[in-house]
Amino acid sequence: MTTRTVTSIRPRALVRASGGPRYAVALAVDALGTGLLRPFLLLYGVMVLRLSAPATGIAMTVGVVVGLLCMPAVGRWLDRGARSTVVAASMLVRALGVVLLLAAPAGHVWLFAAAALVLGAGNQAWPAAHAALVATVAHGRERDAALAAGRALRNAGLGVGALLATACLAGGAAALQALAAVTGLAYLTAAVLARSVHLRARPAAPPDGDGAKDGDGTTGGDGAGGDGAGGPAPRMRALLAANVVYVFCLNVPEIALPLVLVTQLHASPVWSAAIFVANTVLVVALQVPLTVLLSRFARRTVLALAGVVLAVSYLGFLAATSLGGGWGAPAVAAVSVVCTLGEIVYAGSATALVTALAPAPVLGRTLARFELSTGFGLAVSPAAITALAPHGPTALWGGLAAATLLSASAVATEKDRPVPPKTRAGTGG
C-alpha cells in the first residue's frame, strides 16, 4: 500500500475539490457578510439597542453555548445524506438571526439574546456541514487541502468584511444597522448559491480491498465521509478533550494578546491591531501550502506537532512579556507569528483527522461531536484567559503551555479503533 500525498497546488483542482466555483463564491459571500457584523455584535447591542455591555456580553455567551445544542440534530441530518442543504440551512438560520437583530427595539435584551442564539446556532452548524460537504467531493489528502483552502478563503472574507465595517463605524448606530442589513442579504445570497450545488451523499459499496493507507492507521478512500469504514462512530475521547484546549489558540490574537499588551505592557492598541491583521494574512497565505507540505506525515502526528508549536509560542509570550518597556510589544508581535503557525498546522490537521477516522455512515455525528468540543473551547477560553491573566504571565502562558503539551501528548498516544471491512458513500445530485 502507498501513502497518498498532495505534492502541488492546482487552483482549479482545489476549487473543484472544495465543492465547485458556485460553492466557493457562496463561502466568500458568507464570510464577507460574517466579517461585517460578527466582530461588532457587542457594539450593536451597546450602540444601537442601548444595552449595557455586561448584559450584551452575557446574551452573546448564552447564545453561543445554547447554539451548541443544535449539533446532535445537525449530525443526524448529515448522516441521512444531506450536504449542500445543511450548509444552506446554516446560512439561512443566520439570516433569520439578522432579521431578529434588526427587529429588536432599543432596550429589549431578550430579543437581542434570541438573535444571538439563532446566529450562534448557524455559526456552530456551518463548520460540520462544510466539512461533510467537502468530504463528499474530495478524498484522501486532496480533501485535506480542500478543507485548508476553505479556511483560507473564509479568513480572507472575514478580514475584508471586518476592514470594511471598521471604515463604516464612524457612521455610528445607523452604520451598524446598515451593516447588519447587508450581512443578512449576504447570508441569503450565500444560502441560495450553496443550495444550488445540489449535493447529497448516497451509499456505494466498493470492491473489497480498494483503498490505500493514509498514514493514520485508517484506510484512505473515497467515502462521502472519511477514510474510515462502516461501524460505530469513533470515540476519540482524548482527541475531543485535547481539542477543547487546542482551540484556545484561536482566541489568543483576539483576547489574550490585546489584554496583555494593553493592561500589562501598556502598549498602544495599534500593536494588537497589527497582530490581528498579520494573523489573518498569514492564515490566508500559508494555510494551504503548509497543509500540503505536511501531507507526507500522518495527520495525528501533525496535530500533535501543532500542540508542541503552540506550547512553544506560549512560552515565547511568557519570555516576551518579561522584557517589559519598549521591547515587550515587538517581542510579543514576533512570537505571535509562531503562534499563528501553530494555529495553521492545527486547523489543517484536526478536522482532516476527524474526517479520516469517521466511518462514512456516521460522518455527520462524528463531525458534530468534534464541533461541540470546538464550540465549548471557544466559549470557555475568554473566561479562562481573563481569569488567568490577573495572576501574572506565568499563570497565563505557563498554564496554557502545560495544558497544550498535555493535550498534544494525549493526541499522539491515543489509539485509533481498528478499521473493519470498508463501506463508502458516493455522491448524488
# chains A, B, ... in the order shown; residues from 1 in each chain; ligands from 1
>>> residues_around(residues="A:Ala113", least_positions_apart="6", cutoff="12 Å", atoms="only C-alpha atoms", output="PyMOL selection string")
chain A and resi 41-42+45+49+51+55-67+97-98+100-101+104+107+119-120
>>> write_last_selection(atoms="N, CA, C and O atoms", output="mmCIF file, in the first residue's frame")
data_model
loop_
_atom_site.group_PDB
_atom_site.id
_atom_site.type_symbol
_atom_site.label_atom_id
_atom_site.label_comp_id
_atom_site.auth_asym_id
_atom_site.auth_seq_id
_atom_site.Cartn_x
_atom_site.Cartn_y
_atom_site.Cartn_z
ATOM 1 N N LEU A 41 -20.781 42.680 16.973
ATOM 2 C CA LEU A 41 -22.098 42.370 17.534
ATOM 3 C C LEU A 41 -22.267 42.989 18.918
ATOM 4 O O LEU A 41 -23.352 43.463 19.274
ATOM 5 N N LEU A 42 -21.189 42.978 19.701
ATOM 6 C CA LEU A 42 -21.251 43.607 21.027
ATOM 7 C C LEU A 42 -21.537 45.095 20.887
ATOM 8 O O LEU A 42 -22.363 45.653 21.623
ATOM 9 N N GLY A 45 -25.223 45.771 20.183
ATOM 10 C CA GLY A 45 -26.061 45.741 21.377
ATOM 11 C C GLY A 45 -25.940 47.005 22.202
ATOM 12 O O GLY A 45 -26.932 47.516 22.728
ATOM 13 N N LEU A 49 -28.960 49.150 20.387
ATOM 14 C CA LEU A 49 -30.055 48.739 21.272
ATOM 15 C C LEU A 49 -29.957 49.338 22.664
ATOM 16 O O LEU A 49 -30.829 49.100 23.500
ATOM 17 N N LEU A 51 -28.107 48.652 25.193
ATOM 18 C CA LEU A 51 -27.981 47.683 26.275
ATOM 19 C C LEU A 51 -26.658 47.913 26.999
ATOM 20 O O LEU A 51 -25.724 48.480 26.447
ATOM 21 N N ALA A 55 -24.710 43.020 30.022
ATOM 22 C CA ALA A 55 -25.904 42.310 29.553
ATOM 23 C C ALA A 55 -25.721 41.826 28.117
ATOM 24 O O ALA A 55 -26.112 40.702 27.765
ATOM 25 N N THR A 56 -25.087 42.653 27.283
ATOM 26 C CA THR A 56 -24.834 42.266 25.899
ATOM 27 C C THR A 56 -23.885 41.080 25.837
ATOM 28 O O THR A 56 -24.112 40.117 25.095
ATOM 29 N N GLY A 57 -22.811 41.127 26.625
ATOM 30 C CA GLY A 57 -21.840 40.036 26.641
ATOM 31 C C GLY A 57 -22.438 38.722 27.120
ATOM 32 O O GLY A 57 -22.176 37.661 26.546
ATOM 33 N N ILE A 58 -23.256 38.805 28.165
ATOM 34 C CA ILE A 58 -23.894 37.584 28.686
ATOM 35 C C ILE A 58 -24.836 36.997 27.650
ATOM 36 O O ILE A 58 -24.867 35.772 27.424
ATOM 37 N N ALA A 59 -25.622 37.850 26.993
ATOM 38 C CA ALA A 59 -26.552 37.365 25.964
ATOM 39 C C ALA A 59 -25.801 36.686 24.825
ATOM 40 O O ALA A 59 -26.234 35.645 24.312
ATOM 41 N N MET A 60 -24.662 37.252 24.421
ATOM 42 C CA MET A 60 -23.877 36.649 23.349
ATOM 43 C C MET A 60 -23.299 35.302 23.772
ATOM 44 O O MET A 60 -23.311 34.337 22.999
ATOM 45 N N THR A 61 -22.798 35.227 25.014
ATOM 46 C CA THR A 61 -22.225 33.973 25.503
ATOM 47 C C THR A 61 -23.285 32.887 25.599
ATOM 48 O O THR A 61 -23.073 31.740 25.171
ATOM 49 N N VAL A 62 -24.448 33.247 26.147
ATOM 50 C CA VAL A 62 -25.543 32.274 26.245
ATOM 51 C C VAL A 62 -25.964 31.815 24.857
ATOM 52 O O VAL A 62 -26.231 30.626 24.626
ATOM 53 N N GLY A 63 -25.992 32.741 23.903
ATOM 54 C CA GLY A 63 -26.367 32.387 22.542
ATOM 55 C C GLY A 63 -25.423 31.366 21.937
ATOM 56 O O GLY A 63 -25.851 30.405 21.302
ATOM 57 N N VAL A 64 -24.115 31.547 22.154
ATOM 58 C CA VAL A 64 -23.126 30.608 21.615
ATOM 59 C C VAL A 64 -23.271 29.236 22.261
ATOM 60 O O VAL A 64 -23.272 28.196 21.585
ATOM 61 N N VAL A 65 -23.408 29.226 23.595
ATOM 62 C CA VAL A 65 -23.476 27.952 24.317
ATOM 63 C C VAL A 65 -24.756 27.196 23.967
ATOM 64 O O VAL A 65 -24.720 25.990 23.672
ATOM 65 N N VAL A 66 -25.891 27.884 23.988
ATOM 66 C CA VAL A 66 -27.156 27.221 23.674
ATOM 67 C C VAL A 66 -27.183 26.801 22.203
ATOM 68 O O VAL A 66 -27.759 25.763 21.851
ATOM 69 N N GLY A 67 -26.515 27.586 21.350
ATOM 70 C CA GLY A 67 -26.446 27.222 19.942
ATOM 71 C C GLY A 67 -25.786 25.881 19.709
ATOM 72 O O GLY A 67 -26.067 25.196 18.714
ATOM 73 N N GLY A 97 -31.389 35.261 12.102
ATOM 74 C CA GLY A 97 -30.831 35.937 13.270
ATOM 75 C C GLY A 97 -30.639 37.423 13.032
ATOM 76 O O GLY A 97 -30.900 38.246 13.921
ATOM 77 N N VAL A 98 -30.211 37.783 11.831
ATOM 78 C CA VAL A 98 -30.045 39.204 11.499
ATOM 79 C C VAL A 98 -31.394 39.909 11.472
ATOM 80 O O VAL A 98 -31.518 41.055 11.930
ATOM 81 N N LEU A 100 -34.007 39.172 13.280
ATOM 82 C CA LEU A 100 -34.361 39.384 14.684
ATOM 83 C C LEU A 100 -33.582 40.551 15.267
ATOM 84 O O LEU A 100 -34.110 41.346 16.054
ATOM 85 N N LEU A 101 -32.317 40.655 14.884
ATOM 86 C CA LEU A 101 -31.473 41.736 15.378
ATOM 87 C C LEU A 101 -32.015 43.090 14.920
ATOM 88 O O LEU A 101 -32.117 44.038 15.708
ATOM 89 N N ALA A 104 -35.232 44.103 16.771
ATOM 90 C CA ALA A 104 -35.180 44.315 18.216
ATOM 91 C C ALA A 104 -35.268 45.801 18.556
ATOM 92 O O ALA A 104 -34.468 46.605 18.061
ATOM 93 N N GLY A 107 -33.353 48.611 24.100
ATOM 94 C CA GLY A 107 -33.594 48.210 25.482
ATOM 95 C C GLY A 107 -34.131 46.809 25.664
ATOM 96 O O GLY A 107 -34.263 46.353 26.801
ATOM 97 N N LEU A 119 -28.100 33.244 15.613
ATOM 98 C CA LEU A 119 -26.816 33.420 14.943
ATOM 99 C C LEU A 119 -25.803 32.384 15.430
ATOM 100 O O LEU A 119 -25.030 31.821 14.633
ATOM 101 N N GLY A 120 -25.810 32.114 16.728
ATOM 102 C CA GLY A 120 -24.896 31.113 17.286
ATOM 103 C C GLY A 120 -25.163 29.728 16.743
ATOM 104 O O GLY A 120 -24.227 28.981 16.429
#
>>> closest_atom_pairs(of="stretch 241-279 of chain A", to="stretch 344-363 of chain A", cutoff="10 Å", atoms="only C-alpha atoms", output="tab-separated table")
residue	atom	partner	partner_atom	distance
A:Asn243	CA	A:Ala350	CA	8.1
A:Tyr246	CA	A:Tyr346	CA	7.7
A:Val247	CA	A:Tyr346	CA	8.7
A:Cys249	CA	A:Tyr346	CA	9.2
A:Leu250	CA	A:Ala347	CA	9.6
A:Asn279	CA	A:Ile344	CA	9.7
>>> select_by_dssp(residues="stretch 126-314 of chain A", states="helix (DSSP H, G or I)", output="PyMOL selection string")
chain A and resi 126-137+140-195+237-246+248-264+269-296+299-314
>>> atom_distance(atom1="atom CA of A:Ala73", atom2="atom CA of A:Ser90")
12.4 Å
>>> residues_around(residues="A:Leu96", least_positions_apart="5", cutoff="10 Å", atoms="only C-alpha atoms", output="number ranges by chain")
A: 91, 101-102, 115, 118-119, 122, 184, 187-188
>>> closest_residue(among="A:Ala334, A:Leu27, A:Ala379, A:Val411", to="A:Ala194", atoms="only C-alpha atoms")
A:Leu27
>>> atom_distance(atom1="atom CA of A:Tyr23", atom2="atom CA of A:Ala82")
15.2 Å
>>> select_by_dssp(residues="stretch 162-394 of chain A", states="strand (DSSP E or B)", output="PyMOL selection string")
chain A and resi 200-203+212-213+219-220+228+359
>>> write_last_selection(atoms="N, CA, C and O atoms", output="mmCIF file, in the first residue's frame")
data_model
loop_
_atom_site.group_PDB
_atom_site.id
_atom_site.type_symbol
_atom_site.label_atom_id
_atom_site.label_comp_id
_atom_site.auth_asym_id
_atom_site.auth_seq_id
_atom_site.Cartn_x
_atom_site.Cartn_y
_atom_site.Cartn_z
ATOM 1 N N ARG A 200 -25.656 15.639 -2.412
ATOM 2 C CA ARG A 200 -26.053 14.689 -1.374
ATOM 3 C C ARG A 200 -25.074 13.526 -1.375
ATOM 4 O O ARG A 200 -24.320 13.326 -2.326
ATOM 5 N N ALA A 201 -25.086 12.747 -0.302
ATOM 6 C CA ALA A 201 -24.286 11.530 -0.243
ATOM 7 C C ALA A 201 -25.221 10.330 -0.366
ATOM 8 O O ALA A 201 -26.340 10.345 0.140
ATOM 9 N N ARG A 202 -24.788 9.296 -1.053
ATOM 10 C CA ARG A 202 -25.580 8.067 -1.179
ATOM 11 C C ARG A 202 -24.660 6.870 -1.035
ATOM 12 O O ARG A 202 -23.483 6.929 -1.395
ATOM 13 N N PRO A 203 -25.163 5.768 -0.495
ATOM 14 C CA PRO A 203 -24.318 4.588 -0.308
ATOM 15 C C PRO A 203 -23.817 4.051 -1.641
ATOM 16 O O PRO A 203 -24.522 4.058 -2.639
ATOM 17 N N ALA A 212 -6.204 2.870 0.116
ATOM 18 C CA ALA A 212 -4.791 2.936 0.470
ATOM 19 C C ALA A 212 -4.650 3.474 1.873
ATOM 20 O O ALA A 212 -5.427 4.279 2.326
ATOM 21 N N LYS A 213 -3.635 2.999 2.563
ATOM 22 C CA LYS A 213 -3.364 3.507 3.898
ATOM 23 C C LYS A 213 -2.953 4.965 3.828
ATOM 24 O O LYS A 213 -2.163 5.347 2.977
ATOM 25 N N THR A 219 -7.985 3.756 6.548
ATOM 26 C CA THR A 219 -7.872 3.441 5.140
ATOM 27 C C THR A 219 -8.200 4.652 4.302
ATOM 28 O O THR A 219 -9.253 5.247 4.452
ATOM 29 N N GLY A 220 -7.294 5.039 3.414
ATOM 30 C CA GLY A 220 -7.540 6.184 2.544
ATOM 31 C C GLY A 220 -8.472 5.781 1.436
ATOM 32 O O GLY A 220 -8.229 4.836 0.720
ATOM 33 N N GLY A 228 -12.432 6.249 6.882
ATOM 34 C CA GLY A 228 -12.724 5.114 7.726
ATOM 35 C C GLY A 228 -13.794 4.237 7.132
ATOM 36 O O GLY A 228 -14.328 4.476 6.070
ATOM 37 N N PRO A 359 -16.238 6.654 10.107
ATOM 38 C CA PRO A 359 -16.893 5.831 9.085
ATOM 39 C C PRO A 359 -17.942 6.665 8.352
ATOM 40 O O PRO A 359 -18.604 7.508 8.953
#
>>> closest_residue(among="A:Leu367, A:Leu32, A:Ala167, A:Ala26", to="A:Ala132", atoms="only C-alpha atoms")
A:Leu367
>>> closest_residue(among="A:Leu37, A:Ala285, A:Val137, A:Ala274", to="A:His198", atoms="only C-alpha atoms")
A:Val137
>>> closest_residue(among="A:Ala412, A:Leu259, A:Ala242, A:Val284", to="A:Leu305", atoms="only C-alpha atoms")
A:Ala412
>>> atom_distance(atom1="atom CA of A:Thr291", atom2="atom CA of A:Ala319")
28.9 Å
>>> residues_around(residues="A:Ala191", least_positions_apart="4", cutoff="10 Å", atoms="only C-alpha atoms", output="list in words")
Tyr23, Ala26, Leu27, Val29, Asp30, Ser84, Thr85, Val86, Val87, Ala88, Ala89, Ser90, Met91, Leu92, Val93, Arg94, Ala95, Leu185, Ala186, Tyr187, Arg195 and Ser196 of chain A
